[in-house]
Every structure is written in structure tokens, then in C-alpha cells.
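A.B. asks: Structure file structure_12.txt, compact mmCIF, C-alpha atoms, is pasted below:
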```txt
# COMPACT_ATOMS: atom_id res chain seq x y z
CA VAL A 10 -41.88 -256.48 12.26
CA TYR A 11 -44.48 -258.65 14.03
CA ARG A 12 -46.60 -257.01 16.73
CA TYR A 13 -49.13 -258.61 19.08
CA GLU A 14 -51.90 -257.22 21.26
CA HIS A 15 -51.21 -259.96 23.80
CA PRO A 16 -47.64 -261.20 24.40
CA VAL A 17 -46.39 -264.36 22.75
CA GLU A 18 -45.02 -266.67 25.42
CA ARG A 19 -43.64 -269.55 23.35
CA SER A 20 -43.07 -269.78 19.59
CA THR A 21 -40.93 -271.21 16.81
CA HIS A 22 -39.93 -269.38 13.62
CA LEU A 23 -38.56 -270.60 10.28
CA LEU A 24 -36.60 -267.99 8.33
CA ARG A 25 -35.51 -268.29 4.69
CA LEU A 26 -33.80 -264.96 4.14
CA GLU A 27 -30.28 -265.86 2.96
CA PRO A 28 -29.90 -265.57 -0.84
CA PHE A 29 -28.56 -268.40 -2.99
CA ASP A 30 -24.86 -268.65 -3.77
CA ASP A 31 -24.26 -270.36 -7.13
CA ARG A 32 -22.80 -269.75 -10.58
CA LEU A 33 -25.35 -267.07 -11.49
CA GLN A 34 -25.56 -265.36 -8.10
CA ARG A 35 -22.67 -264.86 -5.70
CA LEU A 36 -23.43 -264.12 -2.07
CA ARG A 37 -20.82 -261.66 -0.81
CA SER A 38 -22.22 -261.12 2.67
CA HIS A 39 -25.31 -261.79 4.74
CA THR A 40 -26.42 -260.77 8.21
CA LEU A 41 -29.62 -261.72 10.01
CA SER A 42 -30.78 -260.39 13.36
CA VAL A 43 -33.79 -261.27 15.51
CA SER A 44 -34.73 -258.82 18.25
CA VAL A 45 -35.79 -261.48 20.77
CA GLU A 46 -33.23 -264.04 21.92
CA GLY A 47 -33.89 -267.71 21.24
CA THR A 48 -32.31 -271.02 20.36
CA THR A 49 -31.10 -270.99 16.76
CA ARG A 50 -30.28 -273.78 14.31
CA GLU A 51 -29.16 -273.25 10.70
CA PHE A 52 -29.63 -275.92 8.03
CA GLU A 53 -30.30 -276.54 4.34
CA ASP A 54 -33.85 -277.65 3.63
CA VAL A 55 -34.89 -280.31 1.11
CA PHE A 56 -35.18 -277.71 -1.67
CA GLY A 57 -31.65 -276.42 -1.12
CA ASN A 58 -32.75 -273.24 0.67
CA ARG A 59 -30.64 -271.88 3.49
CA ALA A 60 -32.93 -271.89 6.49
CA ARG A 61 -32.77 -270.85 10.14
CA ARG A 62 -35.02 -272.21 12.89
CA VAL A 63 -35.47 -269.97 15.94
CA VAL A 64 -37.23 -271.23 19.08
CA ILE A 65 -38.24 -268.47 21.51
CA GLU A 66 -39.36 -269.37 25.01
CA ARG A 67 -39.72 -265.92 26.56
CA PRO A 68 -42.58 -263.38 26.30
CA PHE A 69 -42.53 -260.66 23.67
CA SER A 70 -45.03 -258.26 22.09
CA GLU A 71 -42.83 -257.22 19.17
CA LEU A 72 -40.46 -259.26 17.02
CA VAL A 73 -38.14 -257.50 14.59
CA ILE A 74 -36.39 -259.63 11.95
CA GLU A 75 -33.80 -257.81 9.86
CA ALA A 76 -31.74 -259.26 7.02
CA GLU A 77 -29.11 -257.54 4.90
CA SER A 78 -27.31 -259.15 1.99
CA VAL A 79 -24.87 -258.17 -0.73
CA VAL A 80 -24.94 -260.25 -3.92
CA ASP A 81 -23.37 -260.21 -7.35
CA LEU A 82 -25.68 -261.18 -10.23
CA PHE A 83 -24.22 -262.67 -13.42
CA ASP A 84 -27.20 -263.79 -15.53
CA THR A 85 -26.76 -261.03 -18.10
CA ASP A 86 -28.10 -263.11 -21.02
CA PRO A 87 -30.70 -265.54 -19.62
CA LEU A 88 -31.92 -266.53 -23.09
CA GLY A 89 -28.45 -266.82 -24.61
CA PHE A 90 -28.93 -270.56 -24.98
CA ALA A 91 -31.62 -269.86 -27.59
CA LYS A 92 -28.99 -268.80 -30.13
CA VAL A 93 -27.50 -272.28 -30.28
CA ARG A 94 -30.29 -274.42 -28.85
CA LYS A 95 -31.95 -277.37 -30.42
CA ARG A 96 -35.62 -276.53 -30.79
CA SER A 97 -37.73 -278.02 -28.00
CA THR A 98 -41.39 -278.63 -28.61
CA ILE A 99 -44.43 -279.47 -26.51
CA PRO A 100 -45.08 -282.14 -25.34
CA LEU A 101 -41.71 -282.69 -23.72
CA VAL A 102 -40.34 -286.20 -23.34
CA TRP A 103 -38.52 -287.01 -20.09
CA MET A 104 -36.46 -290.07 -19.32
CA PRO A 105 -37.93 -292.11 -16.43
CA TRP A 106 -35.27 -290.94 -13.95
CA GLN A 107 -35.75 -287.32 -15.02
CA HIS A 108 -39.50 -287.59 -14.58
CA HIS A 109 -38.98 -289.09 -11.13
CA MET A 110 -36.73 -286.21 -10.02
CA LEU A 111 -38.99 -283.54 -11.53
CA GLN A 112 -42.26 -285.02 -10.28
CA PRO A 113 -42.79 -282.46 -7.46
CA TYR A 114 -42.63 -279.70 -10.07
CA LEU A 115 -44.99 -281.36 -12.57
CA LEU A 116 -48.08 -281.80 -10.40
CA PRO A 117 -50.67 -279.02 -10.79
CA PRO A 118 -52.59 -277.86 -7.71
CA GLU A 119 -55.53 -279.92 -6.52
CA LEU A 120 -58.48 -278.22 -8.18
CA PRO A 121 -61.83 -279.53 -9.43
CA GLU A 122 -61.42 -281.47 -12.67
CA SER A 123 -63.61 -279.02 -14.58
CA GLN A 124 -61.33 -276.14 -13.58
CA LEU A 125 -58.16 -278.02 -14.52
CA LEU A 126 -59.65 -278.91 -17.90
CA GLU A 127 -60.49 -275.26 -18.58
CA LEU A 128 -57.01 -274.15 -17.51
CA ALA A 129 -55.42 -276.87 -19.67
CA SER A 130 -57.44 -275.68 -22.65
CA TYR A 131 -56.33 -272.10 -21.94
CA ALA A 132 -52.69 -273.21 -21.73
CA MET A 133 -52.96 -274.98 -25.08
CA THR A 134 -54.00 -271.75 -26.80
CA PHE A 135 -50.48 -270.46 -26.17
CA VAL A 136 -48.95 -273.68 -27.47
CA GLU A 137 -50.99 -273.69 -30.67
CA ARG A 138 -50.38 -270.07 -31.58
CA ASN A 139 -46.62 -270.60 -31.11
CA ASP A 140 -46.45 -273.72 -33.29
CA TYR A 141 -45.74 -275.92 -30.22
CA ASP A 142 -42.35 -274.27 -29.63
CA LEU A 143 -41.50 -274.53 -25.93
CA LEU A 144 -39.60 -271.27 -25.40
CA ASP A 145 -41.91 -269.16 -27.55
CA THR A 146 -44.91 -270.56 -25.66
CA LEU A 147 -43.43 -269.69 -22.26
CA LEU A 148 -42.45 -266.18 -23.35
CA ASP A 149 -45.92 -265.62 -24.79
CA LEU A 150 -47.56 -266.85 -21.58
CA ASN A 151 -45.27 -264.61 -19.52
CA ARG A 152 -46.07 -261.50 -21.58
CA SER A 153 -49.79 -262.25 -21.75
CA ILE A 154 -50.24 -262.50 -17.98
CA PHE A 155 -48.41 -259.18 -17.62
CA ARG A 156 -50.54 -257.43 -20.25
CA GLU A 157 -53.95 -258.99 -19.67
CA TYR A 158 -54.09 -259.35 -15.87
CA ALA A 159 -54.49 -256.34 -13.59
CA TYR A 160 -52.11 -255.87 -10.67
CA LYS A 161 -54.52 -255.28 -7.75
CA PRO A 162 -53.09 -255.54 -4.21
CA GLY A 163 -55.52 -256.46 -1.48
CA GLU A 164 -58.03 -258.31 -3.68
CA THR A 165 -56.64 -261.81 -3.18
CA THR A 166 -55.51 -263.97 -0.25
CA LEU A 167 -53.20 -266.92 0.37
CA TYR A 168 -56.16 -269.14 -0.47
CA THR A 169 -56.78 -267.64 -3.93
CA THR A 170 -56.43 -270.41 -6.51
CA PRO A 171 -54.95 -270.20 -10.02
CA PHE A 172 -58.46 -270.65 -11.40
CA ASP A 173 -59.67 -267.65 -9.37
CA VAL A 174 -56.87 -265.56 -10.87
CA TYR A 175 -57.67 -266.81 -14.37
CA SER A 176 -61.37 -266.05 -13.92
CA LYS A 177 -61.03 -262.59 -12.41
CA ARG A 178 -57.92 -261.52 -14.36
CA ARG A 179 -56.35 -259.74 -11.39
CA GLY A 180 -54.03 -260.37 -8.47
CA VAL A 181 -50.48 -259.77 -7.23
CA CYS A 182 -47.11 -261.37 -7.92
CA GLN A 183 -47.89 -264.52 -5.96
CA ASP A 184 -51.16 -265.01 -7.85
CA PHE A 185 -49.54 -264.55 -11.26
CA THR A 186 -46.76 -266.92 -10.25
CA ASN A 187 -49.28 -269.55 -9.13
CA LEU A 188 -51.17 -269.24 -12.42
CA PHE A 189 -47.99 -269.57 -14.50
CA LEU A 190 -46.92 -272.59 -12.43
CA CYS A 191 -50.26 -274.28 -12.93
CA LEU A 192 -50.41 -273.67 -16.70
CA ALA A 193 -46.79 -274.79 -17.25
CA ARG A 194 -47.32 -277.99 -15.29
CA LEU A 195 -50.53 -278.77 -17.17
CA LEU A 196 -48.37 -278.62 -20.31
CA GLY A 197 -45.86 -281.05 -18.81
CA VAL A 198 -43.23 -278.36 -18.17
CA PRO A 199 -41.59 -278.55 -14.71
CA ALA A 200 -42.00 -275.29 -12.80
CA ARG A 201 -41.12 -274.10 -9.32
CA HIS A 202 -41.92 -271.10 -7.14
CA VAL A 203 -39.18 -268.55 -6.45
CA CYS A 204 -39.21 -265.98 -3.68
CA GLY A 205 -36.75 -263.12 -3.56
CA TYR A 206 -36.35 -259.46 -4.45
CA VAL A 207 -36.45 -257.42 -7.63
CA PHE A 208 -34.59 -254.17 -8.26
CA THR A 209 -36.93 -251.37 -9.32
CA GLY A 210 -34.74 -248.32 -9.50
CA PRO A 211 -35.59 -244.97 -11.12
CA GLN A 212 -37.01 -245.35 -14.63
CA HIS A 213 -36.60 -249.12 -14.38
CA PRO A 214 -39.08 -251.24 -16.39
CA ASN A 215 -39.70 -253.60 -13.45
CA VAL A 216 -42.17 -251.33 -11.71
CA ARG A 217 -44.21 -253.78 -9.68
CA MET A 218 -43.32 -255.12 -6.22
CA GLY A 219 -40.24 -252.99 -5.65
CA GLU A 220 -40.66 -252.47 -1.92
CA ALA A 221 -41.66 -255.97 -0.80
CA SER A 222 -40.65 -259.56 -1.32
CA HIS A 223 -41.27 -260.68 -4.89
CA ALA A 224 -42.35 -263.99 -6.44
CA TRP A 225 -41.69 -265.42 -9.88
CA VAL A 226 -41.31 -268.77 -11.68
CA GLN A 227 -38.44 -270.97 -12.74
CA VAL A 228 -39.08 -273.62 -15.39
CA TYR A 229 -36.78 -276.51 -16.17
CA LEU A 230 -35.78 -276.55 -19.85
CA PRO A 231 -34.22 -279.66 -21.45
CA GLU A 232 -30.41 -279.47 -21.61
CA VAL A 233 -30.57 -275.89 -20.31
CA GLY A 234 -31.68 -276.05 -16.67
CA TRP A 235 -33.81 -273.75 -14.54
CA ARG A 236 -34.69 -270.38 -16.10
CA GLY A 237 -36.72 -267.61 -14.50
CA PHE A 238 -39.89 -265.98 -15.83
CA ASP A 239 -41.53 -263.03 -14.09
CA PRO A 240 -45.17 -262.79 -15.23
CA THR A 241 -45.84 -259.88 -12.88
CA ASN A 242 -43.49 -257.70 -14.93
CA GLY A 243 -43.51 -259.61 -18.23
CA THR A 244 -39.75 -260.15 -18.14
CA VAL A 245 -37.28 -262.99 -17.78
CA ALA A 246 -35.32 -263.12 -14.53
CA GLN A 247 -31.99 -261.43 -15.08
CA THR A 248 -29.64 -259.24 -13.06
CA GLU A 249 -32.53 -257.45 -11.31
CA HIS A 250 -33.85 -260.60 -9.60
CA VAL A 251 -32.26 -261.83 -6.36
CA ARG A 252 -33.19 -265.44 -5.58
CA VAL A 253 -33.68 -266.27 -1.90
CA ALA A 254 -35.75 -269.48 -1.78
CA THR A 255 -37.45 -271.95 -4.12
CA GLY A 256 -39.97 -274.77 -3.74
CA ARG A 257 -43.03 -276.52 -5.13
CA SER A 258 -45.22 -273.59 -4.05
CA PHE A 259 -45.04 -270.46 -1.92
CA VAL A 260 -45.36 -272.61 1.22
CA ASP A 261 -41.91 -274.11 0.59
CA ALA A 262 -40.27 -270.73 -0.06
CA THR A 263 -41.97 -268.38 2.41
CA PRO A 264 -39.38 -265.91 3.82
CA THR A 265 -40.77 -266.03 7.36
CA SER A 266 -43.20 -268.47 8.95
CA GLY A 267 -43.75 -270.03 12.32
CA THR A 268 -46.01 -271.35 15.04
CA ILE A 269 -47.24 -269.64 18.18
CA PHE A 270 -47.89 -272.14 20.95
CA VAL A 271 -49.01 -269.78 23.73
CA GLY A 272 -50.42 -266.22 23.52
CA GLY A 273 -50.01 -263.85 20.61
CA ALA A 274 -53.55 -262.66 19.84
CA GLY A 275 -54.04 -259.70 17.48
CA GLU A 276 -51.05 -260.09 15.18
CA THR A 277 -50.03 -257.38 12.73
CA LEU A 278 -47.14 -257.54 10.24
CA GLU A 279 -45.14 -254.71 8.70
CA VAL A 280 -42.62 -255.42 5.92
CA PHE A 281 -40.10 -253.08 4.30
CA VAL A 282 -37.70 -254.04 1.51
CA SER A 283 -34.99 -251.89 -0.03
CA VAL A 284 -32.94 -253.05 -3.04
CA GLU A 285 -29.97 -250.94 -4.14
CA ASN A 286 -27.84 -251.23 -7.26
CA ARG A 287 -24.15 -250.89 -6.39
CA PRO A 288 -21.24 -250.79 -8.86
CA MET A 289 -19.22 -253.97 -9.14
CA PRO A 290 -15.84 -253.68 -7.37
CA SER A 291 -12.86 -253.57 -9.69
```
Translate the structure described by the file into C-alpha cells.
C.D. replies:
Amino acid sequence: VYRYEHPVERSTHLLRLEPFDDRLQRLRSHTLSVSVEGTTREFEDVFGNRARRVVIERPFSELVIEAESVVDLFDTDPLGFAKVRKRSTIPLVWMPWQHHMLQPYLLPPELPESQLLELASYAMTFVERNDYDLLDTLLDLNRSIFREYAYKPGETTLYTTPFDVYSKRRGVCQDFTNLFLCLARLLGVPARHVCGYVFTGPQHPNVRMGEASHAWVQVYLPEVGWRGFDPTNGTVAQTEHVRVATGRSFVDATPTSGTIFVGGAGETLEVFVSVENRPMPS
């Protein structure tokens, strides 16, 4: 729910709220409603996300966006490939065409060279203590961020950098995701940002970010594909994680964004997320 002290007179909104439908996640149904009428166009963006553009040319002081989806999740054994995999080690070697396609997911954020060097050195500590094994390094990095970094809402912003998170050892899911992305890319491992939802039912180990949108990482593993790592909870993405959008960074996968052309001072935002676990139909 967006509210404004002064009415918005003209605006455009980009919504990425429809979950993916692929071999690991089946979309059974999806509805999306916007409380103010506007011109709507649906399309698939360059990252494969299902997007909706809404142009509103009438005044409003409140905008309610409500999405409801039902999905089936099938990734019951996300590390099953490890039982029969050929051991991959760091550094990875990509064919030229692979490197070209993965380039957007290999570039670390633009930070001062001194900060990138320190982060690269930090990333290598995980590589060295895992004997350069790719999967063991990623799992170690995932667990370490969960154990050693404090989950502290309200202490970071959209402008907090991975180096800030590394230095202060605290943040929220987006910060931990950004740090993991940066460290993986500095090691030459393609990584992308994922936005979605995580189920945190009673007594469930995934206890962080249960009532809001969640962020985690997918890395591209040779001859395996994209696999999810959730450093906020120290787990791999499995049947509790619902993927909605992916991209190079959170900017590409933001659930709701937009531009106000006229009016709209004093904006406030209220978000509520509910994830329920329903039995599979027979």
C-alpha cells in the first residue's frame, strides 16, 4: 500500500509479482489487482521476469497493489547433483561463448579498488580452507554469512554497499545477498539476485524475513545450472523458496517500482506478505 500526503496526478509503475513457471516451480494460478485504474501492458523483461507496466493518469492518494499466487515447488534435493558430479574447482574455466552470456553476472559492483581487493582476499579465505572445491566453498560462504553477520533491520539502506556489510557485519537479506553476489563474482563464479518469498511456518528453521519479500542468490554451476543459496538463513533454496524475479542486482528484480511525474509528496509504504503451506492435490 502506497500512501501520499499530496495526491499523485500522473505516474507509471513496473510490477514484477508473478512467480516463475519452470521445471522446478509450477505456477498454478496468479491474480494481480491495482486499486487505481490505468493503462496496463504485460511483457517478459530481458531477464525472463514476467512484468506488468501500469500507467495511471488520474489523481490518487492511496495505491493498493495485491498479488496472490499458488505454486508447486519441486526442488526437493537441490544438491542431488553432488552425488554424481565431477568435482569443480576454483578458478572456473568458461568457454568464450559461455563467458559472453554470463558476463552480466560476473561483474562485481563498482567499488574502490582497495575495497575490492580486501573483499577478494576475504573470498579467497573460503576457497583455501575448502581446498579450492567450488561447492564446498559456496556452502561455507553461505553458512558463514548466516552465523557471523547480525540480522539488523533498519540499519542499512538501498545504498549500503557489500563492503559496508562486510565491515559492519550486519544487515538484512538484501545486504547479505549483495555481499554473497560480490564475493562469488570476485571468485569468477556467476551469481544473480533473486527476489521472492520464503515459507517460515511454525518451528521452521527459516526464521528470517517471513512476512516480507525475501532476497537470495543463485549461482551458475558448470553442467548443473542455476542453484540457490540463502545466506540470510544459511540454507540452500529448496521447497520453501518461491522465485518471483531475478537479475544482475536488486534493481532488476524489484517487485514494485515506478516514477511519479506530478505530485505525490510525503510517500509512505506498507507491505504485508503471507506464505502458506498447502498439501499437494492428489
A.B. asks: Given the choices A:Phe270, A:Phe135, A:Trp225, A:Phe208, which gets closest to A:Asn286 if the distance is worked out from all atoms listed in the file?
C.D. replies: A:Phe208
A.B. asks: Compile the contact shell of stretch 101-108 of chain A as a PyMOL selection string: residues with an atom at most 9 Å away, counting only C-alpha atoms, same-chain residues fewer than 5 positions apart removed.
C.D. replies: chain A and resi 115+143+196-198+231
A.B. asks: Looking at only C-alpha atoms, which of A:Asp149, A:Leu23, A:Phe90, A:Arg287 is the one that sits closest to A:Thr49?
C.D. replies: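 Going through A:Asp149, A:Leu23, A:Phe90, A:Arg287 one by one, the smallest distance to A:Thr49 is for A:Leu23.
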A.B. asks: List every residue of stretch 130-157 of chain A that has an atom at most 12 Å from any atom of stretch 174-184 of chain A, and for each one report the closest atom pair and its distance in Å to one decimal, counting all atoms listed in the file, with rows sorted by chain and then by increasing residue number, as CSV.
C.D. replies:
```
residue,atom,partner,partner_atom,distance
A:Tyr131,CA,A:Tyr175,CA,9.3
A:Ala132,CA,A:Tyr175,CA,11.0
A:Ser153,CA,A:Arg178,CA,11.0
A:Ile154,CA,A:Arg178,CA,8.5
A:Phe155,CA,A:Cys182,CA,10.0
A:Arg156,CA,A:Arg178,CA,10.3
A:Glu157,CA,A:Arg178,CA,7.1
```
A.B. asks: Do you know which residues are at most 7 Å from A:Gly237 counting all atoms listed in the file, after dropping those on the same chain fewer than 2 positions away, and could you put them as a list in words?
C.D. replies: Val226, Gln227, Val228, Trp235, Asp239, Val245 and Ala246 of chain A
A.B. asks: Which of these residues is nearest to A:Arg96, using all atoms listed in the file: A:Asp142, A:Tyr11, A:Pro118, A:Thr21?
C.D. replies: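 Distance minimum relative to A:Arg96 lands on A:Asp142.
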A.B. asks: List every protein, DNA or RNA residue with an atom no more than 12 Å from (-25.8, -268.2, -3.9) in the file's coordinates, counting all atoms listed in the file, and format the result as a PyMOL selection string.
C.D. replies: chain A and resi 26-39+57-59+78-83+251-254
A.B. asks: To one decimal in Å, tell me the separation between atom CA of A:Pro199 and atom CA of A:Gln247.
C.D. replies: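 Separation between atom CA of A:Pro199 and atom CA of A:Gln247: 19.6 Å.
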A.B. asks: For atom CA of A:Thr40 and atom CA of A:Val73, quote the distance in Å rounded to one decimal.
C.D. replies: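 Taking atom CA of A:Thr40 as the start and atom CA of A:Val73 as the end point, the length is 13.7 Å.
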A.B. asks: Please indicate the distance in Å from atom CA of A:Arg194 to atom CA of A:Ala159, rounded to one decimal place.
C.D. replies: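 Answer for the atom CA of A:Arg194 to atom CA of A:Ala159 separation: 22.9 Å.
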A.B. asks: Considering only C-alpha atoms, return as a JSON list (two decimals) with C-alpha atoms, keeping the file's coordinate frame whatever protein or nucleic-acid residues lie within 7 Å of A:Leu192, sequence-local ones (same chain, fewer than 3 positions apart) excluded.
C.D. replies:
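Wrote part.json, looks like this:
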```json
[["chain", "number", "residue", "atom", "x", "y", "z"],
["A", 128, "LEU", "CA", -57.01, -274.15, -17.51],
["A", 129, "ALA", "CA", -55.42, -276.87, -19.67],
["A", 132, "ALA", "CA", -52.69, -273.21, -21.73],
["A", 188, "LEU", "CA", -51.17, -269.24, -12.42],
["A", 189, "PHE", "CA", -47.99, -269.57, -14.50],
["A", 195, "LEU", "CA", -50.53, -278.77, -17.17],
["A", 196, "LEU", "CA", -48.37, -278.62, -20.31]]
```
A.B. asks: Return as AutoDock Vina command-line options the box centre and box size in Å, one decimal, for an axis-aligned box around all listed atoms of stretch 171-180 of chain A padded by 8 Å per side.
C.D. replies:
```
--center_x -57.7 --center_y -265.2 --center_z -11.4 --size_x 23.3 --size_y 26.9 --size_z 21.9
```
A.B. asks: If we count only C-alpha atoms, what is near A:Arg257 at a cut-off of 6 Å, once residues fewer than 2 positions away on the same chain are taken out, given as a PyMOL selection string?
C.D. replies: chain A and resi 114+201-202
A.B. asks: Could you add whatever atoms are missing so that stretch 128-139 of chain A carries all heavy atoms, then write the result as a PDB file, keeping the file's coordinate frame?
C.D. replies:
```pdb
ATOM      1  N   LEU A 128     -58.346-274.731 -17.536  1.00  0.00           N
ATOM      2  CA  LEU A 128     -57.010-274.150 -17.510  1.00  0.00           C
ATOM      3  C   LEU A 128     -56.094-274.825 -18.521  1.00  0.00           C
ATOM      4  O   LEU A 128     -55.263-274.162 -19.164  1.00  0.00           O
ATOM      5  CB  LEU A 128     -56.418-274.261 -16.105  1.00  0.00           C
ATOM      6  CG  LEU A 128     -57.023-273.334 -15.044  1.00  0.00           C
ATOM      7  CD1 LEU A 128     -56.524-273.713 -13.651  1.00  0.00           C
ATOM      8  CD2 LEU A 128     -56.699-271.883 -15.344  1.00  0.00           C
ATOM      9  N   ALA A 129     -56.230-276.153 -18.685  1.00  0.00           N
ATOM     10  CA  ALA A 129     -55.420-276.870 -19.670  1.00  0.00           C
ATOM     11  C   ALA A 129     -55.746-276.403 -21.081  1.00  0.00           C
ATOM     12  O   ALA A 129     -54.847-276.226 -21.921  1.00  0.00           O
ATOM     13  CB  ALA A 129     -55.638-278.372 -19.534  1.00  0.00           C
ATOM     14  N   SER A 130     -57.024-276.184 -21.340  1.00  0.00           N
ATOM     15  CA  SER A 130     -57.440-275.680 -22.650  1.00  0.00           C
ATOM     16  C   SER A 130     -56.879-274.283 -22.888  1.00  0.00           C
ATOM     17  O   SER A 130     -56.403-273.958 -23.988  1.00  0.00           O
ATOM     18  CB  SER A 130     -58.960-275.666 -22.734  1.00  0.00           C
ATOM     19  OG  SER A 130     -59.392-275.132 -23.974  1.00  0.00           O
ATOM     20  N   TYR A 131     -56.894-273.448 -21.855  1.00  0.00           N
ATOM     21  CA  TYR A 131     -56.330-272.100 -21.940  1.00  0.00           C
ATOM     22  C   TYR A 131     -54.829-272.170 -22.218  1.00  0.00           C
ATOM     23  O   TYR A 131     -54.303-271.447 -23.081  1.00  0.00           O
ATOM     24  CB  TYR A 131     -56.614-271.372 -20.633  1.00  0.00           C
ATOM     25  CG  TYR A 131     -56.015-270.003 -20.495  1.00  0.00           C
ATOM     26  CD1 TYR A 131     -56.284-268.992 -21.422  1.00  0.00           C
ATOM     27  CD2 TYR A 131     -55.197-269.693 -19.403  1.00  0.00           C
ATOM     28  CE1 TYR A 131     -55.747-267.720 -21.276  1.00  0.00           C
ATOM     29  CE2 TYR A 131     -54.664-268.418 -19.244  1.00  0.00           C
ATOM     30  CZ  TYR A 131     -54.934-267.441 -20.182  1.00  0.00           C
ATOM     31  OH  TYR A 131     -54.401-266.186 -20.028  1.00  0.00           O
ATOM     32  N   ALA A 132     -54.125-273.064 -21.523  1.00  0.00           N
ATOM     33  CA  ALA A 132     -52.690-273.210 -21.730  1.00  0.00           C
ATOM     34  C   ALA A 132     -52.370-273.636 -23.169  1.00  0.00           C
ATOM     35  O   ALA A 132     -51.394-273.181 -23.769  1.00  0.00           O
ATOM     36  CB  ALA A 132     -52.111-274.217 -20.734  1.00  0.00           C
ATOM     37  N   MET A 133     -53.204-274.483 -23.719  1.00  0.00           N
ATOM     38  CA  MET A 133     -52.960-274.980 -25.080  1.00  0.00           C
ATOM     39  C   MET A 133     -53.132-273.884 -26.124  1.00  0.00           C
ATOM     40  O   MET A 133     -52.561-273.986 -27.216  1.00  0.00           O
ATOM     41  CB  MET A 133     -53.891-276.138 -25.387  1.00  0.00           C
ATOM     42  CG  MET A 133     -53.447-277.469 -24.795  1.00  0.00           C
ATOM     43  SD  MET A 133     -51.773-277.957 -25.319  1.00  0.00           S
ATOM     44  CE  MET A 133     -51.972-278.062 -27.106  1.00  0.00           C
ATOM     45  N   THR A 134     -53.879-272.829 -25.823  1.00  0.00           N
ATOM     46  CA  THR A 134     -54.000-271.750 -26.800  1.00  0.00           C
ATOM     47  C   THR A 134     -52.646-271.085 -27.040  1.00  0.00           C
ATOM     48  O   THR A 134     -52.347-270.672 -28.165  1.00  0.00           O
ATOM     49  CB  THR A 134     -55.018-270.684 -26.334  1.00  0.00           C
ATOM     50  OG1 THR A 134     -54.558-270.063 -25.120  1.00  0.00           O
ATOM     51  CG2 THR A 134     -56.389-271.308 -26.104  1.00  0.00           C
ATOM     52  N   PHE A 135     -51.819-271.024 -26.008  1.00  0.00           N
ATOM     53  CA  PHE A 135     -50.480-270.460 -26.170  1.00  0.00           C
ATOM     54  C   PHE A 135     -49.592-271.402 -26.972  1.00  0.00           C
ATOM     55  O   PHE A 135     -48.782-270.963 -27.783  1.00  0.00           O
ATOM     56  CB  PHE A 135     -49.859-270.189 -24.794  1.00  0.00           C
ATOM     57  CG  PHE A 135     -50.575-269.137 -24.002  1.00  0.00           C
ATOM     58  CD1 PHE A 135     -51.553-269.482 -23.078  1.00  0.00           C
ATOM     59  CD2 PHE A 135     -50.287-267.794 -24.184  1.00  0.00           C
ATOM     60  CE1 PHE A 135     -52.224-268.514 -22.348  1.00  0.00           C
ATOM     61  CE2 PHE A 135     -50.954-266.813 -23.457  1.00  0.00           C
ATOM     62  CZ  PHE A 135     -51.932-267.178 -22.534  1.00  0.00           C
ATOM     63  N   VAL A 136     -49.740-272.692 -26.735  1.00  0.00           N
ATOM     64  CA  VAL A 136     -48.950-273.680 -27.470  1.00  0.00           C
ATOM     65  C   VAL A 136     -49.284-273.638 -28.949  1.00  0.00           C
ATOM     66  O   VAL A 136     -48.386-273.598 -29.812  1.00  0.00           O
ATOM     67  CB  VAL A 136     -49.229-275.093 -26.906  1.00  0.00           C
ATOM     68  CG1 VAL A 136     -48.501-276.146 -27.736  1.00  0.00           C
ATOM     69  CG2 VAL A 136     -48.811-275.185 -25.446  1.00  0.00           C
ATOM     70  N   GLU A 137     -50.559-273.613 -29.263  1.00  0.00           N
ATOM     71  CA  GLU A 137     -50.990-273.690 -30.670  1.00  0.00           C
ATOM     72  C   GLU A 137     -50.593-272.448 -31.453  1.00  0.00           C
ATOM     73  O   GLU A 137     -50.195-272.537 -32.614  1.00  0.00           O
ATOM     74  CB  GLU A 137     -52.498-273.915 -30.713  1.00  0.00           C
ATOM     75  CG  GLU A 137     -52.890-275.306 -30.208  1.00  0.00           C
ATOM     76  CD  GLU A 137     -54.373-275.439 -29.950  1.00  0.00           C
ATOM     77  OE1 GLU A 137     -55.098-274.410 -30.054  1.00  0.00           O
ATOM     78  OE2 GLU A 137     -54.824-276.558 -29.617  1.00  0.00           O
ATOM     79  N   ARG A 138     -50.700-271.274 -30.826  1.00  0.00           N
ATOM     80  CA  ARG A 138     -50.380-270.070 -31.580  1.00  0.00           C
ATOM     81  C   ARG A 138     -48.867-269.835 -31.680  1.00  0.00           C
ATOM     82  O   ARG A 138     -48.426-268.934 -32.400  1.00  0.00           O
ATOM     83  CB  ARG A 138     -51.072-268.854 -30.996  1.00  0.00           C
ATOM     84  CG  ARG A 138     -50.542-268.306 -29.697  1.00  0.00           C
ATOM     85  CD  ARG A 138     -51.508-267.250 -29.180  1.00  0.00           C
ATOM     86  NE  ARG A 138     -51.010-266.513 -28.039  1.00  0.00           N
ATOM     87  CZ  ARG A 138     -51.775-265.732 -27.279  1.00  0.00           C
ATOM     88  NH1 ARG A 138     -53.066-265.624 -27.545  1.00  0.00           N
ATOM     89  NH2 ARG A 138     -51.266-265.067 -26.265  1.00  0.00           N
ATOM     90  N   ASN A 139     -48.084-270.665 -30.995  1.00  0.00           N
ATOM     91  CA  ASN A 139     -46.620-270.600 -31.110  1.00  0.00           C
ATOM     92  C   ASN A 139     -46.046-271.853 -31.761  1.00  0.00           C
ATOM     93  O   ASN A 139     -44.870-272.168 -31.567  1.00  0.00           O
ATOM     94  CB  ASN A 139     -45.999-270.368 -29.738  1.00  0.00           C
ATOM     95  CG  ASN A 139     -46.217-268.955 -29.224  1.00  0.00           C
ATOM     96  OD1 ASN A 139     -45.543-268.024 -29.655  1.00  0.00           O
ATOM     97  ND2 ASN A 139     -47.184-268.782 -28.328  1.00  0.00           N
TER      98      ASN A 139
END
```
